[in-house]
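Working notes for the structure below.
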Amino acid sequence: MADRHLSLVLHDVAPETWPDYIDFVAKVDALTRRHGPIPITWLVVPDFHHRSDCRRDDAFLEHLQHRRSMGDELALHGYYHCDDAPSPRTPRDWFMRRFYTWEGEFYALDQHEAARRLDKGIALFRSQGWPLTGFVAPAWLMSQGARQALAQRDFRYTSDSQHLYTLPDFTRIDAPGLVWSARSAWRRGLSRLVSETQRWRARQAPLLRLGLHPVDMRHASVQAYWLEVLERLILEGRQPITKYDWVARQRQREQHAA
Ligand SMILES: [Zn+2]
């Protein structure tokens, strides 16, 4: 039972989506009175869909700064989040970029463009004095060029839906994640089942991640599910931790073992 953790991860954080999270985060903060600190990892999108520029919203920046001072982690989650590269040319690309998701910003970028966007994101974090160790690609998709650009920069980790990867070498660590598809009623029904099955399968995993999206927050039942799972996992003995702190602990352990 000892040494099992959970990470509460909020996706797609931007001025436009922040109102979706306000109530939920207040409820998480209320839980800390009973259960101790619950640090959150916020996946920040610097200019969500080219229409929600963090830099132009002082209240939003201040809010993130405040969360950071409370022990939360801010990580970089793409730059625009949407896939704005030229139209797909092959059936496989069409499937990935139009059917599977329209949100794979880093899926079709070459190394140069990926580097440019990463650097813009890094500059935002620097301008705010925020430490930056994590990058999560929108829809967890990255081209080979994007992976190279990422490895050449000073990040410590990236992740996909079921793994963390330490950087720069992309060493893979199992880290199962629960995530919902809350867009429609049938997806929500299915998500509950899938999520519960996943939670059961991952019961021994050292780190379990809860990946929340703004759309989840717009459905009272989904929001309630997340709060309930969060509290249940804590009561089962999982300690809340940010993704970066967990990665840093792993690294320390390996050094001790070596
Ligand atoms: Zn996202």
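Simple scheme: letters A, B, ... for chains in structure tokens order, numbers from 1 for residues in each chain, numbers from 1 for ligands in the order shown.
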
- Query: What are the DSSP strand (DSSP E or B) residues of range 92-196 of chain A, as an NGL selection string?
  - Reply: :A and (134-135 or 157-159 or 163-166 or 171-174 or 177-179)

At a cut-off of 10 Å, can you tabulate as a tab-separated table every residue of chain A near ligand 1 together with its closest atom pair and the distance in Å to one decimal, using only C-alpha atoms and all ligand atoms and ordering rows by chain then number?
```
residue	atom	partner	partner_atom_place_in_ligand_line	distance
A:Leu10	CA	ligand 1	1 (Zn)	9.0
A:His11	CA	ligand 1	1 (Zn)	5.2
A:Asp12	CA	ligand 1	1 (Zn)	4.6
A:Val13	CA	ligand 1	1 (Zn)	8.3
A:Leu43	CA	ligand 1	1 (Zn)	7.7
A:Val44	CA	ligand 1	1 (Zn)	8.9
A:Val45	CA	ligand 1	1 (Zn)	8.0
A:Phe48	CA	ligand 1	1 (Zn)	9.5
A:His77	CA	ligand 1	1 (Zn)	6.7
A:Gly78	CA	ligand 1	1 (Zn)	7.9
A:Tyr80	CA	ligand 1	1 (Zn)	9.8
A:His81	CA	ligand 1	1 (Zn)	6.5
A:Cys82	CA	ligand 1	1 (Zn)	8.8
A:Glu103	CA	ligand 1	1 (Zn)	7.2
A:Gly104	CA	ligand 1	1 (Zn)	8.5
A:Glu105	CA	ligand 1	1 (Zn)	9.4
A:Val136	CA	ligand 1	1 (Zn)	8.2
A:Ala137	CA	ligand 1	1 (Zn)	7.4
A:Pro138	CA	ligand 1	1 (Zn)	4.4
A:Ala139	CA	ligand 1	1 (Zn)	5.6
A:Trp140	CA	ligand 1	1 (Zn)	7.9
A:Gly211	CA	ligand 1	1 (Zn)	9.7
A:Leu212	CA	ligand 1	1 (Zn)	9.5
A:His213	CA	ligand 1	1 (Zn)	7.5
A:Pro214	CA	ligand 1	1 (Zn)	9.3
```

- Query: Looking at A:Asp160, A:Leu167, A:Ala114, A:Asp174, which one is nearest to Ala146 in chain A, with distances taken over only C-alpha atoms?
  - Reply: A:Ala114

- Task: Would you please extract all alpha helix (DSSP H) residues from range 79-187 of chain A, as assigned by DSSP on the backbone, and give them as a PyMOL selection string?
- Result: chain A and resi 91-94+111-128+144-151+185-187

Print the selection's residues with N, CA, C and O atoms to a file, as a short mmCIF file (atom, residue, chain, number, x, y, z; two decimals), in the first residue's frame.
```
data_model
loop_
_atom_site.label_atom_id
_atom_site.label_comp_id
_atom_site.auth_asym_id
_atom_site.auth_seq_id
_atom_site.Cartn_x
_atom_site.Cartn_y
_atom_site.Cartn_z
N PRO A 91 -4.34 9.03 -46.23
CA PRO A 91 -5.49 8.52 -45.45
C PRO A 91 -5.15 8.40 -43.96
O PRO A 91 -5.97 8.74 -43.10
N ARG A 92 -3.94 7.93 -43.66
CA ARG A 92 -3.59 7.78 -42.25
C ARG A 92 -3.59 9.14 -41.54
O ARG A 92 -4.11 9.29 -40.46
N ASP A 93 -3.00 10.12 -42.22
CA ASP A 93 -2.98 11.46 -41.62
C ASP A 93 -4.39 12.02 -41.50
O ASP A 93 -4.71 12.69 -40.53
N TRP A 94 -5.20 11.74 -42.50
CA TRP A 94 -6.58 12.23 -42.44
C TRP A 94 -7.28 11.61 -41.22
O TRP A 94 -7.95 12.29 -40.46
N GLN A 111 10.37 19.86 -37.32
CA GLN A 111 11.19 20.17 -36.15
C GLN A 111 11.32 21.67 -35.93
O GLN A 111 11.25 22.16 -34.81
N HIS A 112 11.48 22.39 -37.05
CA HIS A 112 11.70 23.82 -36.95
C HIS A 112 10.48 24.52 -36.33
O HIS A 112 10.61 25.32 -35.41
N GLU A 113 9.30 24.19 -36.84
CA GLU A 113 8.08 24.84 -36.33
C GLU A 113 7.78 24.38 -34.89
O GLU A 113 7.34 25.18 -34.06
N ALA A 114 8.03 23.11 -34.61
CA ALA A 114 7.82 22.63 -33.23
C ALA A 114 8.74 23.39 -32.28
O ALA A 114 8.31 23.83 -31.20
N ALA A 115 10.00 23.57 -32.70
CA ALA A 115 10.97 24.29 -31.86
C ALA A 115 10.52 25.72 -31.63
O ALA A 115 10.59 26.25 -30.52
N ARG A 116 10.01 26.34 -32.69
CA ARG A 116 9.57 27.73 -32.58
C ARG A 116 8.43 27.86 -31.56
O ARG A 116 8.43 28.75 -30.71
N ARG A 117 7.48 26.94 -31.63
CA ARG A 117 6.35 27.02 -30.68
C ARG A 117 6.78 26.68 -29.25
O ARG A 117 6.30 27.28 -28.30
N LEU A 118 7.66 25.68 -29.13
CA LEU A 118 8.16 25.36 -27.78
C LEU A 118 8.85 26.58 -27.19
O LEU A 118 8.64 26.93 -26.03
N ASP A 119 9.67 27.24 -28.01
CA ASP A 119 10.42 28.40 -27.51
C ASP A 119 9.49 29.55 -27.10
O ASP A 119 9.74 30.25 -26.13
N LYS A 120 8.41 29.71 -27.87
CA LYS A 120 7.43 30.74 -27.48
C LYS A 120 6.80 30.39 -26.13
O LYS A 120 6.56 31.26 -25.29
N GLY A 121 6.50 29.12 -25.93
CA GLY A 121 5.92 28.68 -24.65
C GLY A 121 6.91 28.87 -23.51
O GLY A 121 6.55 29.35 -22.43
N ILE A 122 8.16 28.51 -23.78
CA ILE A 122 9.21 28.66 -22.76
C ILE A 122 9.34 30.14 -22.39
O ILE A 122 9.46 30.50 -21.21
N ALA A 123 9.27 31.01 -23.41
CA ALA A 123 9.39 32.45 -23.16
C ALA A 123 8.25 32.95 -22.26
O ALA A 123 8.46 33.78 -21.37
N LEU A 124 7.05 32.44 -22.48
CA LEU A 124 5.92 32.84 -21.62
C LEU A 124 6.21 32.46 -20.16
O LEU A 124 6.06 33.28 -19.25
N PHE A 125 6.63 31.21 -19.96
CA PHE A 125 6.89 30.76 -18.58
C PHE A 125 8.00 31.60 -17.96
O PHE A 125 7.92 32.00 -16.80
N ARG A 126 9.03 31.87 -18.76
CA ARG A 126 10.15 32.68 -18.23
C ARG A 126 9.70 34.07 -17.86
O ARG A 126 10.08 34.59 -16.81
N SER A 127 8.87 34.67 -18.72
CA SER A 127 8.44 36.05 -18.46
C SER A 127 7.65 36.13 -17.15
O SER A 127 7.57 37.18 -16.53
N GLN A 128 7.05 35.02 -16.74
CA GLN A 128 6.26 35.02 -15.51
C GLN A 128 7.06 34.51 -14.31
O GLN A 128 6.54 34.46 -13.20
N GLN A 144 7.91 13.17 -35.26
CA GLN A 144 9.31 12.89 -34.96
C GLN A 144 10.08 14.19 -34.74
O GLN A 144 10.88 14.31 -33.83
N GLY A 145 9.79 15.19 -35.60
CA GLY A 145 10.46 16.48 -35.46
C GLY A 145 10.14 17.14 -34.13
O GLY A 145 11.01 17.75 -33.49
N ALA A 146 8.90 17.01 -33.70
CA ALA A 146 8.50 17.60 -32.41
C ALA A 146 9.26 16.91 -31.28
O ALA A 146 9.71 17.56 -30.33
N ARG A 147 9.41 15.59 -31.37
CA ARG A 147 10.16 14.86 -30.33
C ARG A 147 11.61 15.33 -30.28
O ARG A 147 12.17 15.51 -29.20
N GLN A 148 12.18 15.54 -31.48
CA GLN A 148 13.58 16.01 -31.49
C GLN A 148 13.70 17.40 -30.88
O GLN A 148 14.60 17.66 -30.08
N ALA A 149 12.80 18.28 -31.27
CA ALA A 149 12.84 19.65 -30.74
C ALA A 149 12.69 19.62 -29.21
O ALA A 149 13.36 20.36 -28.49
N LEU A 150 11.82 18.75 -28.73
CA LEU A 150 11.58 18.66 -27.29
C LEU A 150 12.84 18.16 -26.56
O LEU A 150 13.23 18.70 -25.52
N ALA A 151 13.47 17.14 -27.14
CA ALA A 151 14.66 16.55 -26.51
C ALA A 151 15.81 17.55 -26.43
O ALA A 151 16.66 17.46 -25.55
N ALA A 185 -23.91 12.06 -24.33
CA ALA A 185 -24.42 11.20 -23.26
C ALA A 185 -23.87 9.78 -23.37
O ALA A 185 -23.46 9.19 -22.38
N TRP A 186 -23.85 9.22 -24.59
CA TRP A 186 -23.37 7.84 -24.69
C TRP A 186 -21.89 7.74 -24.37
O TRP A 186 -21.43 6.79 -23.76
N ARG A 187 -21.14 8.77 -24.75
CA ARG A 187 -19.71 8.75 -24.41
C ARG A 187 -19.52 8.85 -22.90
O ARG A 187 -18.64 8.23 -22.32
#
```

- Query: What does the distance from CA of Gln239 in chain A to CA of Asp20 in chain A come to in Å, to one decimal?
  - Reply: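 Straight-line distance from CA of Gln239 in chain A to CA of Asp20 in chain A works out to 25.4 Å.
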
- Query: How many Å separate CA of Asp169 in chain A from CA of Arg153 in chain A?
  - Reply: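 That distance, rounded to one decimal, is 11.5 Å.
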
- Query: So, counting only C-alpha atoms, which residue among A:Phe135, A:Phe155, A:Trp42, A:Trp180 is closest to Val222 in chain A?
  - Reply: A:Trp180

- Item | Within 9 Å of Thr242 in chain A using only C-alpha atoms, minus same-chain residues under 6 positions, as a PyMOL selection string | chain A and resi 6-9+38-41+71-73

- Task: Extract, using only C-alpha atoms, all DNA, RNA and protein residues at most 12 Å from Ser195 in chain A, discarding same-chain residues fewer than 4 positions from it, and format them as a list in words.
- Result: Pro176, Gly177, Leu178, Val179, Trp180, Ser181, Ala182, Arg187, Arg188, Gly189, Leu190, Ser191, Arg199, Trp200, Arg201, Ala202, Leu208, Arg209, Leu210, Gly211, Val222, Tyr225, Trp226 and Val229 of chain A

Set the distance at 12 Å and use only C-alpha atoms: which residues neighbour Gln250 in chain A once local chain neighbours fewer than 5 positions away are removed? I'd like the list as a PDB file with N, CA and C atoms, in the first residue's frame.
```
ATOM      1  N   ASP A   3       3.491   4.229  -0.610  1.00  0.00           N
ATOM      2  CA  ASP A   3       4.111   4.856  -1.744  1.00  0.00           C
ATOM      3  C   ASP A   3       3.333   4.760  -3.041  1.00  0.00           C
ATOM      4  N   HIS A   5       0.852   6.953  -5.421  1.00  0.00           N
ATOM      5  CA  HIS A   5       0.504   8.365  -5.591  1.00  0.00           C
ATOM      6  C   HIS A   5      -0.593   8.551  -6.630  1.00  0.00           C
ATOM      7  N   ARG A 156      12.052  18.083 -18.403  1.00  0.00           N
ATOM      8  CA  ARG A 156      12.373  16.867 -17.652  1.00  0.00           C
ATOM      9  C   ARG A 156      11.472  15.701 -18.006  1.00  0.00           C
ATOM     10  N   TYR A 157      10.253  16.016 -18.455  1.00  0.00           N
ATOM     11  CA  TYR A 157       9.345  14.910 -18.767  1.00  0.00           C
ATOM     12  C   TYR A 157       8.294  15.323 -19.783  1.00  0.00           C
ATOM     13  N   LEU A 164       4.573   8.121 -18.619  1.00  0.00           N
ATOM     14  CA  LEU A 164       5.417   9.312 -18.522  1.00  0.00           C
ATOM     15  C   LEU A 164       6.725   8.971 -19.227  1.00  0.00           C
ATOM     16  N   TYR A 165       7.385   9.972 -19.771  1.00  0.00           N
ATOM     17  CA  TYR A 165       8.679   9.768 -20.419  1.00  0.00           C
ATOM     18  C   TYR A 165       9.635  10.796 -19.836  1.00  0.00           C
ATOM     19  N   THR A 166      10.763  10.317 -19.271  1.00  0.00           N
ATOM     20  CA  THR A 166      11.724  11.290 -18.789  1.00  0.00           C
ATOM     21  C   THR A 166      12.559  11.770 -19.979  1.00  0.00           C
ATOM     22  N   THR A 171      12.766   7.970 -21.760  1.00  0.00           N
ATOM     23  CA  THR A 171      12.649   6.723 -21.003  1.00  0.00           C
ATOM     24  C   THR A 171      11.207   6.575 -20.512  1.00  0.00           C
ATOM     25  N   ILE A 173       7.947   5.294 -18.521  1.00  0.00           N
ATOM     26  CA  ILE A 173       7.518   4.805 -17.205  1.00  0.00           C
ATOM     27  C   ILE A 173       6.010   4.594 -17.265  1.00  0.00           C
ATOM     28  N   ASP A 174       5.542   3.420 -16.838  1.00  0.00           N
ATOM     29  CA  ASP A 174       4.092   3.189 -16.804  1.00  0.00           C
ATOM     30  C   ASP A 174       3.436   4.147 -15.823  1.00  0.00           C
ATOM     31  N   PRO A 206       2.143   2.507  -9.166  1.00  0.00           N
ATOM     32  CA  PRO A 206       2.731   3.510  -8.272  1.00  0.00           C
ATOM     33  C   PRO A 206       2.133   4.906  -8.478  1.00  0.00           C
ATOM     34  N   LEU A 207       1.830   5.240  -9.749  1.00  0.00           N
ATOM     35  CA  LEU A 207       1.220   6.553 -10.003  1.00  0.00           C
ATOM     36  C   LEU A 207      -0.030   6.376 -10.860  1.00  0.00           C
ATOM     37  N   LYS A 243       2.906  15.983 -11.126  1.00  0.00           N
ATOM     38  CA  LYS A 243       3.637  15.066 -12.007  1.00  0.00           C
ATOM     39  C   LYS A 243       5.133  15.271 -11.855  1.00  0.00           C
ATOM     40  N   TYR A 244       5.541  16.545 -11.819  1.00  0.00           N
ATOM     41  CA  TYR A 244       6.982  16.766 -11.753  1.00  0.00           C
ATOM     42  C   TYR A 244       7.587  16.228 -10.455  1.00  0.00           C
ATOM     43  N   ASP A 245       6.913  16.462  -9.338  1.00  0.00           N
ATOM     44  CA  ASP A 245       7.466  15.961  -8.071  1.00  0.00           C
ATOM     45  C   ASP A 245       7.586  14.447  -8.088  1.00  0.00           C
ATOM     46  N   GLN A 255      18.853   6.990  -8.356  1.00  0.00           N
ATOM     47  CA  GLN A 255      20.221   7.346  -7.962  1.00  0.00           C
ATOM     48  C   GLN A 255      20.626   6.599  -6.689  1.00  0.00           C
ATOM     49  N   HIS A 256      19.666   6.459  -5.763  1.00  0.00           N
ATOM     50  CA  HIS A 256      19.958   5.712  -4.541  1.00  0.00           C
ATOM     51  C   HIS A 256      20.260   4.263  -4.849  1.00  0.00           C
ATOM     52  N   ALA A 257      19.479   3.723  -5.788  1.00  0.00           N
ATOM     53  CA  ALA A 257      19.609   2.301  -6.121  1.00  0.00           C
ATOM     54  C   ALA A 257      20.909   2.038  -6.849  1.00  0.00           C
TER      55      ALA A 257
END
```

- What is the CA of Phe106 in chain A-CA of Asp47 in chain A distance in Å, reported with one decimal?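 That distance, rounded to one decimal, is 14.3 Å.
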
- Task: Choose the residue, out of A:Ala85, A:Ala175, A:Ala75, A:Val28, that has the smallest atom-to-atom separation from Gln162 in chain A; count only C-alpha atoms.
- Result: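 Comparing A:Ala85, A:Ala175, A:Ala75, A:Val28 against Gln162 in chain A, the winner is A:Ala175.
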
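Shortest separation to Arg68 in chain A among A:Gly134, A:Gly129, A:Gln152, A:Leu109 occurs at residue A:Gly129, atoms counted being only C-alpha atoms.
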